[in-house]
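Text of the file run_1.txt, holding compact mmCIF, C-alpha atoms:
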```
# COMPACT_ATOMS: atom_id res chain seq x y z
CA MET K 246 119.26 144.05 58.50
CA ALA K 247 119.20 140.46 59.65
CA SER K 248 120.65 137.86 57.36
CA ILE K 249 119.67 134.22 56.98
CA TYR K 250 121.60 131.08 56.17
CA LYS K 251 121.37 127.29 56.31
CA ARG K 252 123.56 124.82 58.13
CA SER K 253 124.86 121.99 56.00
CA GLU K 254 122.93 119.37 57.96
CA SER K 255 119.60 121.21 58.18
CA GLU K 256 116.91 122.61 55.89
CA ILE K 257 115.85 125.22 58.46
CA TYR K 258 117.09 128.78 57.99
CA GLN K 259 119.09 130.42 60.76
CA ALA K 260 118.90 134.16 61.54
CA GLN K 261 122.00 136.28 62.18
CA PHE K 262 122.07 139.90 63.38
CA TYR K 263 123.86 142.26 65.76
CA VAL K 264 122.60 143.96 68.93
CA PRO K 265 124.34 146.08 71.61
CA ASP K 266 125.66 144.16 74.62
CA ALA K 267 123.75 145.13 77.79
CA VAL K 268 126.94 145.42 79.84
CA THR K 269 129.72 146.67 77.51
CA GLY K 270 127.64 148.42 74.85
CA ASP K 271 129.63 146.69 72.11
CA LEU K 272 127.84 144.95 69.27
CA LYS K 273 127.43 141.25 69.67
CA LYS K 274 126.45 138.68 67.09
CA VAL K 275 123.18 136.78 67.69
CA ARG K 276 122.27 133.58 65.89
CA LYS K 277 118.83 131.99 66.26
CA SER K 278 116.77 129.46 64.39
CA THR K 279 113.81 130.85 62.42
CA GLY K 280 112.07 127.48 62.45
CA HIS K 281 111.23 127.88 58.73
CA THR K 282 112.39 126.14 55.56
CA ASN K 283 110.72 128.74 53.34
CA LYS K 284 113.21 131.50 52.57
CA LYS K 285 110.65 134.34 52.53
CA LYS K 286 109.09 133.32 55.85
CA ALA K 287 112.54 132.79 57.33
CA GLN K 288 113.65 136.32 56.38
CA ALA K 289 110.51 137.85 57.86
CA CYS K 290 111.07 135.90 61.08
CA ALA K 291 114.74 136.96 61.21
CA ASP K 292 113.79 140.64 60.81
CA GLU K 293 111.23 140.32 63.60
CA LEU K 294 113.76 138.62 65.91
CA GLU K 295 116.22 141.46 65.23
CA ARG K 296 113.63 144.19 65.92
CA THR K 297 112.49 142.49 69.12
CA SER K 298 116.02 142.03 70.44
CA GLN K 299 117.06 145.62 69.64
CA SER K 300 113.96 147.15 71.23
CA VAL K 301 114.51 145.10 74.38
CA MET K 302 118.13 146.20 74.68
CA GLN K 303 117.25 149.87 74.29
CA ALA K 304 115.10 150.22 77.42
CA GLY K 305 115.17 149.38 81.13
CA SER K 306 117.81 148.46 83.65
CA ASP K 307 120.46 145.85 83.01
CA ARG K 308 118.40 143.12 84.72
CA ALA K 309 115.22 144.26 82.98
CA GLN K 310 116.95 144.25 79.62
CA ARG K 311 118.28 140.76 80.14
CA ALA K 312 114.85 139.55 81.29
CA LYS K 313 113.13 141.11 78.27
CA ALA K 314 115.68 139.56 75.95
CA LEU K 315 115.02 136.19 77.55
CA LEU K 316 111.27 136.63 77.16
CA ALA K 317 111.77 137.57 73.51
CA GLU K 318 113.59 134.28 73.02
CA ALA K 319 110.72 132.43 74.71
CA VAL K 320 108.18 134.15 72.42
CA ALA K 321 110.25 133.14 69.40
CA GLU K 322 110.13 129.51 70.58
CA VAL K 323 106.36 129.75 70.95
CA GLU K 324 106.11 131.03 67.37
CA ARG K 325 108.31 128.16 66.16
CA GLU K 326 106.10 125.74 68.15
CA THR K 327 109.12 124.40 70.03
CA PHE K 328 108.02 125.66 73.46
CA THR K 329 107.62 122.66 75.79
CA ALA K 330 107.42 122.03 79.54
CA PRO K 331 111.20 121.49 79.85
CA THR K 332 111.70 124.68 77.82
CA ALA K 333 109.41 126.59 80.16
CA ARG K 334 111.38 125.37 83.17
CA LYS K 335 114.61 126.48 81.48
CA TYR K 336 113.34 130.04 80.93
CA ILE K 337 111.79 130.33 84.41
CA SER K 338 115.07 129.18 85.93
CA LYS K 339 116.99 131.77 83.95
CA LEU K 340 114.52 134.53 84.90
CA LEU K 341 114.87 133.60 88.58
CA ALA K 342 118.65 133.75 88.27
CA ILE K 343 118.41 137.20 86.67
CA ALA K 344 116.01 138.48 89.34
CA THR K 345 117.55 136.97 92.48
CA GLY K 346 120.87 135.45 91.49
CA GLU K 347 119.63 132.05 92.70
CA GLU K 348 119.24 128.96 90.56
CA MET K 349 115.85 127.24 90.66
CA GLU K 350 115.98 123.63 91.83
CA SER K 351 115.21 121.20 89.05
CA TYR K 352 114.12 117.61 89.62
CA CYS K 353 113.52 114.57 87.49
CA ILE K 354 111.48 111.54 88.61
CA GLU K 355 114.53 109.87 90.15
CA THR K 356 115.96 112.87 92.00
CA TRP K 357 112.59 114.12 93.31
CA THR K 358 111.65 110.64 94.57
CA GLU K 359 114.94 110.42 96.47
CA GLU K 360 114.40 113.90 97.89
CA TRP K 361 110.86 112.93 98.96
CA LEU K 362 112.18 109.79 100.68
CA ARG K 363 114.85 111.85 102.46
CA ARG K 364 112.23 114.23 103.83
CA LYS K 365 109.81 111.47 104.85
CA ALA K 366 112.58 109.67 106.74
CA ARG K 367 112.62 112.51 109.26
CA ASP K 368 109.03 111.90 110.37
CA SER K 369 108.29 108.25 109.56
CA SER K 370 109.13 104.97 111.24
CA GLN K 371 111.77 102.69 109.77
CA SER K 372 109.17 100.17 108.64
CA THR K 373 107.17 102.87 106.86
CA ILE K 374 110.25 104.21 105.09
CA THR K 375 111.17 100.68 104.04
CA ARG K 376 107.72 100.36 102.48
CA TYR K 377 107.95 103.76 100.76
CA ARG K 378 111.34 102.88 99.30
CA ALA K 379 110.21 99.47 98.07
CA HIS K 380 107.08 100.85 96.40
CA THR K 381 108.77 103.82 94.75
CA GLN K 382 111.68 101.65 93.63
CA ALA K 383 109.23 99.25 91.99
CA PHE K 384 107.80 102.15 89.97
CA ARG K 385 111.23 103.43 88.95
CA ALA K 386 112.34 99.95 87.95
CA TRP K 387 109.24 99.63 85.77
CA LEU K 388 110.08 102.95 84.08
CA GLY K 389 113.63 101.84 83.29
CA ASP K 390 116.86 103.82 83.37
CA SER K 391 115.91 106.18 80.55
CA ARG K 392 112.45 107.27 81.72
CA ARG K 393 113.23 107.53 85.42
CA ASN K 394 115.49 110.48 84.58
CA LYS K 395 112.77 112.30 82.63
CA PRO K 396 110.84 115.32 84.03
CA LEU K 397 108.17 114.65 86.65
CA GLU K 398 105.37 115.78 84.33
CA SER K 399 106.39 113.26 81.68
CA ILE K 400 104.37 110.61 83.57
CA THR K 401 100.76 110.48 82.39
CA SER K 402 97.64 108.85 83.83
CA GLN K 403 98.05 106.20 81.15
CA ASP K 404 101.53 105.41 82.50
CA ALA K 405 100.12 105.16 86.04
CA ARG K 406 97.36 102.84 84.83
CA ARG K 407 99.76 100.61 82.89
CA TRP K 408 102.05 100.26 85.92
CA ARG K 409 99.09 99.39 88.14
CA GLU K 410 97.99 96.75 85.64
CA SER K 411 101.51 95.29 85.64
CA LEU K 412 101.30 94.92 89.44
CA GLN K 413 97.95 93.15 89.11
CA ASP K 414 99.24 90.90 86.33
CA ALA K 415 102.18 89.94 88.55
CA GLY K 416 99.74 88.46 91.07
CA ARG K 417 99.61 91.15 93.75
CA THR K 418 96.30 91.51 95.59
CA GLY K 419 94.03 94.52 95.20
CA LYS K 420 94.93 96.08 98.56
CA THR K 421 98.64 95.64 97.88
CA VAL K 422 98.30 97.31 94.49
CA LEU K 423 96.40 100.18 96.09
CA ALA K 424 99.20 100.62 98.65
CA TYR K 425 101.82 100.81 95.87
CA CYS K 426 99.83 103.42 93.92
CA LYS K 427 99.01 105.43 97.06
CA ASP K 428 102.68 105.74 98.01
CA VAL K 429 103.88 106.74 94.54
CA GLY K 430 100.93 109.11 94.27
CA ALA K 431 102.13 110.73 97.50
CA VAL K 432 105.39 111.59 95.71
CA TYR K 433 103.37 113.57 93.18
CA ARG K 434 101.12 115.17 95.81
CA ALA K 435 104.24 116.54 97.48
CA ALA K 436 105.52 117.77 94.09
CA ILE K 437 102.23 119.67 93.57
CA ARG K 438 102.63 121.37 96.96
CA GLU K 439 106.16 122.40 95.93
CA GLY K 440 104.88 123.84 92.65
CA LEU K 441 106.97 121.38 90.63
CA VAL K 442 103.99 119.91 88.79
CA SER K 443 100.31 120.77 88.49
CA PHE K 444 98.85 117.29 88.11
CA ASN K 445 99.06 113.95 89.94
CA PRO K 446 98.79 111.15 87.33
CA PHE K 447 97.62 108.69 90.01
CA SER K 448 94.66 110.82 91.07
CA ALA K 449 92.78 109.99 87.86
CA LEU K 450 92.86 106.22 88.39
CA GLU K 451 89.52 104.59 88.98
CA ALA K 452 88.88 102.26 91.93
CA ILE K 453 89.86 98.60 91.63
CA ASP K 454 88.48 95.42 93.16
CA THR K 455 90.09 94.45 96.47
CA SER K 456 88.00 91.38 97.22
CA ASP K 457 90.97 89.15 96.37
CA SER K 458 92.91 90.48 99.37
CA LEU K 459 93.32 88.18 102.36
CA GLU K 460 91.47 89.02 105.54
CA ARG K 461 93.69 88.45 108.55
CA LYS K 462 92.09 86.12 111.07
CA PRO K 463 92.53 85.73 114.85
CA PHE K 464 93.26 82.60 116.90
CA ASN K 465 90.69 81.14 119.26
CA GLU K 466 91.47 80.35 122.91
CA GLU K 467 92.26 76.68 122.24
CA GLU K 468 94.73 77.63 119.52
CA VAL K 469 96.52 80.18 121.70
CA PHE K 470 96.81 77.52 124.42
CA ALA K 471 98.28 75.10 121.83
CA LEU K 472 100.79 77.74 120.71
CA LEU K 473 101.91 78.32 124.31
CA LYS K 474 102.31 74.60 124.82
CA ALA K 475 104.38 74.27 121.61
CA ALA K 476 106.67 77.21 122.48
CA PRO K 477 110.28 75.93 122.25
CA THR K 478 111.59 78.16 125.07
CA GLU K 479 110.25 80.07 128.03
CA GLU K 480 111.07 83.32 126.22
CA TRP K 481 108.89 82.27 123.30
CA ARG K 482 106.08 81.38 125.67
CA GLY K 483 106.37 84.85 127.21
CA LEU K 484 106.47 86.50 123.79
CA ILE K 485 103.20 84.81 122.81
CA LEU K 486 101.62 85.87 126.12
CA VAL K 487 102.72 89.47 125.61
CA ALA K 488 101.26 89.65 122.08
CA ALA K 489 98.01 87.89 123.05
CA PHE K 490 97.36 90.05 126.12
CA THR K 491 98.66 93.42 124.86
CA GLY K 492 98.09 93.32 121.09
CA LEU K 493 101.61 94.62 120.49
CA ARG K 494 103.18 93.90 117.11
CA LEU K 495 106.02 91.41 116.78
CA GLY K 496 108.85 93.96 116.91
CA ASP K 497 107.39 95.81 119.90
CA SER K 498 106.67 92.55 121.74
CA ALA K 499 110.14 91.09 121.19
CA ARG K 500 111.91 94.33 122.14
CA LEU K 501 109.75 95.13 125.16
CA SER K 502 111.95 96.66 127.85
CA TRP K 503 111.60 96.60 131.63
CA GLU K 504 111.43 100.39 131.46
CA ALA K 505 107.96 100.00 129.89
CA VAL K 506 106.79 97.47 132.50
CA ASP K 507 105.43 98.67 135.84
CA LEU K 508 104.74 95.58 137.93
CA ASN K 509 103.58 97.67 140.90
CA ALA K 510 100.92 99.44 138.86
CA LYS K 511 100.42 96.30 136.75
CA ARG K 512 100.69 98.35 133.57
CA ILE K 513 102.76 98.42 130.36
CA THR K 514 103.37 101.87 128.92
CA LEU K 515 105.20 102.47 125.66
CA ILE K 516 105.14 104.20 122.28
CA PRO K 517 104.78 101.56 119.53
CA SER K 518 107.48 101.74 116.87
CA LYS K 519 104.89 102.36 114.15
CA THR K 520 103.80 105.61 115.84
CA LYS K 521 107.15 106.53 117.37
CA LYS K 522 107.53 109.69 115.27
CA LYS K 523 104.10 110.90 116.41
CA LYS K 524 104.82 109.98 120.05
CA ARG K 525 101.48 108.18 120.38
CA GLU K 526 101.65 106.33 123.71
CA VAL K 527 99.59 103.29 124.72
CA ARG K 528 98.91 102.13 128.29
CA ILE K 529 97.86 98.52 128.71
CA PRO K 530 96.91 96.91 132.03
CA ILE K 531 98.82 93.66 132.60
CA HIS K 532 96.65 90.54 132.41
CA PRO K 533 97.03 88.20 135.44
CA GLU K 534 98.59 85.38 133.35
CA LEU K 535 101.06 87.77 131.79
CA PHE K 536 101.79 89.27 135.22
CA THR K 537 102.65 85.79 136.55
CA PHE K 538 105.11 85.27 133.70
CA LEU K 539 106.77 88.70 134.07
CA GLU K 540 107.20 88.16 137.81
CA SER K 541 108.98 84.88 137.14
CA VAL K 542 111.55 86.34 134.73
CA THR K 543 115.07 86.60 136.08
CA VAL K 544 116.59 90.01 135.28
CA TYR K 545 120.34 89.92 134.70
CA SER K 546 120.82 93.64 134.05
CA ASP K 547 120.31 96.65 136.28
CA LYS K 548 119.71 98.93 133.29
CA PRO K 549 116.11 100.22 133.10
CA ASN K 550 115.96 99.73 129.35
CA ALA K 551 117.09 96.09 129.53
CA PRO K 552 114.94 93.82 127.31
CA VAL K 553 112.42 91.46 128.86
CA PHE K 554 113.41 88.86 126.24
CA GLU K 555 117.19 88.96 126.22
CA THR K 556 117.65 86.44 123.38
CA LEU K 557 114.62 87.17 121.21
CA SER K 558 115.17 90.94 121.32
CA ALA K 559 118.46 90.44 119.48
CA THR K 560 116.92 88.20 116.80
CA LYS K 561 115.90 89.63 113.42
CA ILE K 562 112.24 89.53 112.50
CA GLY K 563 112.29 88.68 108.80
CA ALA K 564 115.43 86.61 108.37
CA ARG K 565 115.28 82.94 107.36
CA ALA K 566 115.77 81.93 110.99
CA GLY K 567 114.05 85.07 112.25
CA LEU K 568 111.14 85.51 114.60
CA SER K 569 108.42 85.29 111.94
CA GLN K 570 109.66 82.01 110.49
CA THR K 571 110.19 80.54 113.94
CA PHE K 572 106.61 81.39 114.90
CA ASN K 573 105.39 79.69 111.71
CA LYS K 574 107.18 76.53 112.86
CA ILE K 575 105.58 76.86 116.30
CA MET K 576 102.18 77.05 114.60
CA SER K 577 102.98 73.91 112.63
CA ASN K 578 104.12 72.04 115.75
CA ALA K 579 100.98 73.17 117.57
CA GLY K 580 98.75 71.95 114.75
CA VAL K 581 97.41 75.48 114.18
CA GLU K 582 96.57 76.15 110.54
CA ARG K 583 97.98 79.24 108.81
CA GLY K 584 94.90 79.55 106.60
CA LYS K 585 94.71 80.43 102.92
CA PRO K 586 97.81 81.76 101.11
CA SER K 587 97.73 85.04 99.18
CA ARG K 588 98.19 83.10 95.94
CA ASP K 589 98.20 79.47 94.81
CA ILE K 590 101.74 78.39 95.60
CA HIS K 591 101.15 74.98 94.00
CA GLU K 592 101.02 76.61 90.58
CA GLU K 593 104.59 77.87 90.93
CA SER K 594 107.17 75.77 89.15
CA VAL K 595 110.34 74.90 91.00
CA SER K 596 112.18 76.01 87.88
CA ASP K 597 110.75 79.54 88.08
CA SER K 598 113.49 82.12 88.25
CA LYS K 599 114.18 84.07 91.42
CA GLU K 600 113.36 87.26 89.48
CA LYS K 601 109.94 85.93 88.51
CA LYS K 602 109.09 84.87 92.07
CA ALA K 603 110.31 88.18 93.47
CA SER K 604 108.16 90.11 90.99
CA VAL K 605 104.91 88.78 92.45
CA GLY K 606 105.86 89.53 96.05
CA ARG K 607 106.03 87.23 99.03
CA VAL K 608 103.30 84.74 99.88
CA THR K 609 101.28 85.72 102.94
CA TYR K 610 98.74 83.71 104.91
CA GLU K 611 95.56 84.50 106.78
CA ARG K 612 97.24 83.81 110.09
CA GLY K 613 100.66 84.44 111.55
CA PHE K 614 102.15 86.24 114.55
CA HIS K 615 100.16 89.39 113.71
CA SER K 616 97.00 87.34 114.26
CA LEU K 617 97.70 87.64 117.99
CA ARG K 618 96.99 91.38 117.65
CA HIS K 619 93.69 90.47 115.99
CA THR K 620 93.08 87.98 118.80
CA PHE K 621 93.65 90.59 121.51
CA THR K 622 91.30 93.11 119.83
CA SER K 623 88.62 90.48 119.23
CA TRP K 624 88.78 89.25 122.85
CA LEU K 625 88.21 92.83 123.99
CA ARG K 626 85.24 93.20 121.68
CA ASN K 627 83.69 89.90 122.71
CA ALA K 628 84.14 90.88 126.37
CA GLY K 629 82.01 93.97 125.75
CA VAL K 630 84.83 96.54 125.87
CA SER K 631 83.75 99.71 124.06
CA GLU K 632 85.26 100.60 120.71
CA GLU K 633 86.76 103.78 122.16
CA ASP K 634 88.58 101.86 124.89
CA ARG K 635 89.69 99.16 122.44
CA MET K 636 91.21 101.81 120.19
CA ALA K 637 93.04 103.36 123.14
CA LEU K 638 94.54 99.98 124.07
CA THR K 639 95.59 99.07 120.53
CA GLY K 640 96.76 102.55 119.53
CA HIS K 641 94.40 102.80 116.56
CA THR K 642 93.40 106.34 115.61
CA THR K 643 90.66 105.60 113.06
CA ARG K 644 87.61 103.39 113.29
CA GLU K 645 88.31 102.05 109.81
CA SER K 646 91.69 100.61 110.75
CA HIS K 647 90.40 99.34 114.09
CA GLN K 648 87.45 97.49 112.59
CA ILE K 649 89.85 95.32 110.59
CA TYR K 650 91.05 93.83 113.89
CA SER K 651 87.68 93.37 115.61
CA HIS K 652 86.36 89.87 114.92
CA GLY K 653 83.26 88.48 116.62
CA ASP K 654 83.26 84.81 117.64
CA GLU K 655 80.39 82.34 117.24
CA LYS K 656 79.80 81.93 120.99
CA THR K 657 79.37 85.69 121.50
CA SER K 658 77.16 85.96 118.43
CA LYS K 659 74.90 83.14 119.69
CA ALA K 660 74.64 84.82 123.09
CA ALA K 661 73.69 88.09 121.40
CA ILE K 662 71.01 86.40 119.26
CA ALA K 663 69.61 84.67 122.35
CA LYS K 664 68.93 88.10 123.86
CA LEU K 665 66.56 89.06 121.01
CA PRO K 666 62.82 88.97 121.77
CA SER K 667 60.76 85.90 120.89
CA LEU K 668 57.99 86.61 118.39
CA SER K 669 56.34 83.26 119.09
CA ASN K 670 55.85 84.24 122.75
CA ALA K 671 54.30 87.51 121.65
CA SER K 672 51.94 85.57 119.38
CA LYS K 673 50.87 83.28 122.26
CA GLU K 674 50.16 86.29 124.49
CA GLU K 675 47.99 87.79 121.73
CA ASP K 676 46.01 84.53 121.40
CA LYS K 677 45.33 84.49 125.16
CA ALA K 678 43.99 88.00 124.96
```
Let's see the structure in the file written out as structure tokens.
Amino acid sequence: MASIYKRSESEIYQAQFYVPDAVTGDLKKVRKSTGHTNKKKAQACADELERTSQSVMQAGSDRAQRAKALLAEAVAEVERETFTAPTARKYISKLLAIATGEEMESYCIETWTEEWLRRKARDSSQSTITRYRAHTQAFRAWLGDSRRNKPLESITSQDARRWRESLQDAGRTGKTVLAYCKDVGAVYRAAIREGLVSFNPFSALEAIDTSDSLERKPFNEEEVFALLKAAPTEEWRGLILVAAFTGLRLGDSARLSWEAVDLNAKRITLIPSKTKKKKREVRIPIHPELFTFLESVTVYSDKPNAPVFETLSATKIGARAGLSQTFNKIMSNAGVERGKPSRDIHEESVSDSKEKKASVGRVTYERGFHSLRHTFTSWLRNAGVSEEDRMALTGHTTRESHQIYSHGDEKTSKAAIAKLPSLSNASKEEDKA
């Protein structure tokens, strides 16, 4: 018969009984908590635990006996109301080990996020991985050291909503906040596919307002001419021409190689870095002005992959003296406005801590080097190039993303309106009749 006793530090009765060992056949002592403080209920529970354990050990193979014993323990935890998600994982892991001899992989928020990033790095561009890491790190930093090591399912929709609100309160725009939540939500979508969790806490979030997000704007012809005139070097002048007449992003423009340039066919062919993993190639005819520049460039290397811009190709993009900041200075020298900032920078105190400024993200403007990509797409649209052909030239795969870059200008709009029929003329014709 099972006996019961109390530990000195607890009011809960413990059960103690003996069962045969599945391997040796010898009796082994078993001690389990009854979960009760009432002596009568504790004794009844202890007797039931003993009967269950003995019946399990009396039937089935060695593995079956061990599995049944494990299940009996799980049932006892259910009865004691101590069965939780971590407990379930513990028993499933033990059952898998009994059945196959293999341990089940177990992840917490921190370790699964790192595993997800490792897998994504195999099929994503460097810039995309940098974004994924920044967004997921922001979420883990918000959780703190203690919670980031908790089970994946410990995050609730309320947690997801509170984090999103903290991003909004820090001054990030609606579209930026959506990007953060989308990327962290992707971590959970992958966990669902792996069978690690059954629910994505970010999927329950309602839509938020994104009207505060800046709309990127293109340059007009006069402004592009002013930028070319203000270019500090011939390489910079060429870089602006490349971006304006190909729509390539800053990194792809600066690192353009002669291998991608076919002056005989007057065509540039390359796979943009953003779609490098997917091997999505773009072919762009060379504009006459750009062709004139490329013909004038002196090539000092006989290697086919030599850069068109020898100096600029070796310059970082985002550094303090990098390509982006240099272009901002060119805009200033050219008298070309950058447009509205993403937040009111005049409200920031010079005494604000670096941590506080970093928490709200960097300030962006309506116009910068990327506006040349908008300019290229808008010129194509205003010239009557079809949307399908524009997408092929820019490398866009969805109409939604492409439409962001297609801006109509006032001159084209006026010309379009002028083509509409005149109702007054129709009225005069009716009067004559």
Study note, to complete from the structure: In Å and to one decimal, atom CA of Phe554 of chain K is distant from atom CA of Leu568 of chain K by 12.3 Å
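Interatomic distance, atom CA of Trp481 of chain K against atom CA of Ala499 of chain K: 9.2 Å.
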Practice item. Point out the residue among K:Arg612, K:Leu450, K:Arg434, K:His281 with the least atom-to-atom distance to Arg407 of chain K, counting all atoms listed in the file. Key: K:Leu450
Exercise for review: One decimal, Å: what's the distance from atom CA of Leu459 of chain K over to atom CA of Gly613 of chain K, could you say?
Suggested key: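 According to the coordinates, atom CA of Leu459 of chain K and atom CA of Gly613 of chain K are separated by 12.3 Å.
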Tell me, as a CSV table (one decimal) with C-alpha atoms, in the coordinates of the input, which residues lie within 12 Å of Leu294 of chain K, counting only C-alpha atoms; anything in the same chain fewer than 4 positions away does not count.
```
chain,number,residue,atom,x,y,z
K,246,MET,CA,119.3,144.0,58.5
K,247,ALA,CA,119.2,140.5,59.6
K,248,SER,CA,120.6,137.9,57.4
K,249,ILE,CA,119.7,134.2,57.0
K,259,GLN,CA,119.1,130.4,60.8
K,260,ALA,CA,118.9,134.2,61.5
K,261,GLN,CA,122.0,136.3,62.2
K,262,PHE,CA,122.1,139.9,63.4
K,263,TYR,CA,123.9,142.3,65.8
K,264,VAL,CA,122.6,144.0,68.9
K,275,VAL,CA,123.2,136.8,67.7
K,276,ARG,CA,122.3,133.6,65.9
K,277,LYS,CA,118.8,132.0,66.3
K,278,SER,CA,116.8,129.5,64.4
K,279,THR,CA,113.8,130.8,62.4
K,280,GLY,CA,112.1,127.5,62.4
K,287,ALA,CA,112.5,132.8,57.3
K,288,GLN,CA,113.6,136.3,56.4
K,289,ALA,CA,110.5,137.8,57.9
K,290,CYS,CA,111.1,135.9,61.1
K,298,SER,CA,116.0,142.0,70.4
K,299,GLN,CA,117.1,145.6,69.6
K,300,SER,CA,114.0,147.2,71.2
K,301,VAL,CA,114.5,145.1,74.4
K,314,ALA,CA,115.7,139.6,76.0
K,315,LEU,CA,115.0,136.2,77.6
K,316,LEU,CA,111.3,136.6,77.2
K,317,ALA,CA,111.8,137.6,73.5
K,318,GLU,CA,113.6,134.3,73.0
K,319,ALA,CA,110.7,132.4,74.7
K,320,VAL,CA,108.2,134.2,72.4
K,321,ALA,CA,110.2,133.1,69.4
K,322,GLU,CA,110.1,129.5,70.6
K,324,GLU,CA,106.1,131.0,67.4
K,325,ARG,CA,108.3,128.2,66.2
```
Got a sec: who's within 10 Å of segment 472-479 of chain K, counting only C-alpha atoms, leaving out chain neighbours fewer than 3 positions off, as a short mmCIF file (atom, residue, chain, number, x, y, z; two decimals) with C-alpha atoms, in the frame of the given file?
```
data_model
loop_
_atom_site.label_atom_id
_atom_site.label_comp_id
_atom_site.auth_asym_id
_atom_site.auth_seq_id
_atom_site.Cartn_x
_atom_site.Cartn_y
_atom_site.Cartn_z
CA PHE K 464 93.26 82.60 116.90
CA GLU K 466 91.47 80.35 122.91
CA GLU K 467 92.26 76.68 122.24
CA GLU K 468 94.73 77.63 119.52
CA VAL K 469 96.52 80.18 121.70
CA ARG K 482 106.08 81.38 125.67
CA GLY K 483 106.37 84.85 127.21
CA LEU K 484 106.47 86.50 123.79
CA ILE K 485 103.20 84.81 122.81
CA LEU K 486 101.62 85.87 126.12
CA PHE K 538 105.11 85.27 133.70
CA VAL K 542 111.55 86.34 134.73
CA PHE K 554 113.41 88.86 126.24
CA THR K 571 110.19 80.54 113.94
CA PHE K 572 106.61 81.39 114.90
CA LYS K 574 107.18 76.53 112.86
CA ILE K 575 105.58 76.86 116.30
CA MET K 576 102.18 77.05 114.60
CA SER K 577 102.98 73.91 112.63
CA ASN K 578 104.12 72.04 115.75
CA ALA K 579 100.98 73.17 117.57
CA GLY K 580 98.75 71.95 114.75
CA VAL K 581 97.41 75.48 114.18
#
```
Practice item. Do a neighbour search on Thr543 of chain K at 12 Å with all atoms listed in the file, toss out local chain neighbours closer than 6 positions, and write the hits as a PyMOL selection string. Key: chain K and resi 479-480+503+551-555
Practice item. Please provide as a VMD selection string all residues within 8 Å of segment 632-640 of chain K, with the sequence filter that same-chain residues fewer than 5 positions apart are discarded (counting all atoms listed in the file). Key: chain K and resid 491 to 493 525 to 529 622 625 to 626 647
Practice item. Excluding Ser443 of chain K and any residue of its chain fewer than 3 positions from it, enumerate the residues within 10 Å of it, using all atoms listed in the file, and give them as a PyMOL selection string. Key: chain K and resi 398+433-434+436-440+446
Writer output for current selection, C-alpha atoms, as a CSV table (one decimal), keeping the file's coordinate frame:
```
chain,number,residue,atom,x,y,z
K,398,GLU,CA,105.4,115.8,84.3
K,433,TYR,CA,103.4,113.6,93.2
K,434,ARG,CA,101.1,115.2,95.8
K,436,ALA,CA,105.5,117.8,94.1
K,437,ILE,CA,102.2,119.7,93.6
K,438,ARG,CA,102.6,121.4,97.0
K,439,GLU,CA,106.2,122.4,95.9
K,440,GLY,CA,104.9,123.8,92.6
K,446,PRO,CA,98.8,111.2,87.3
```
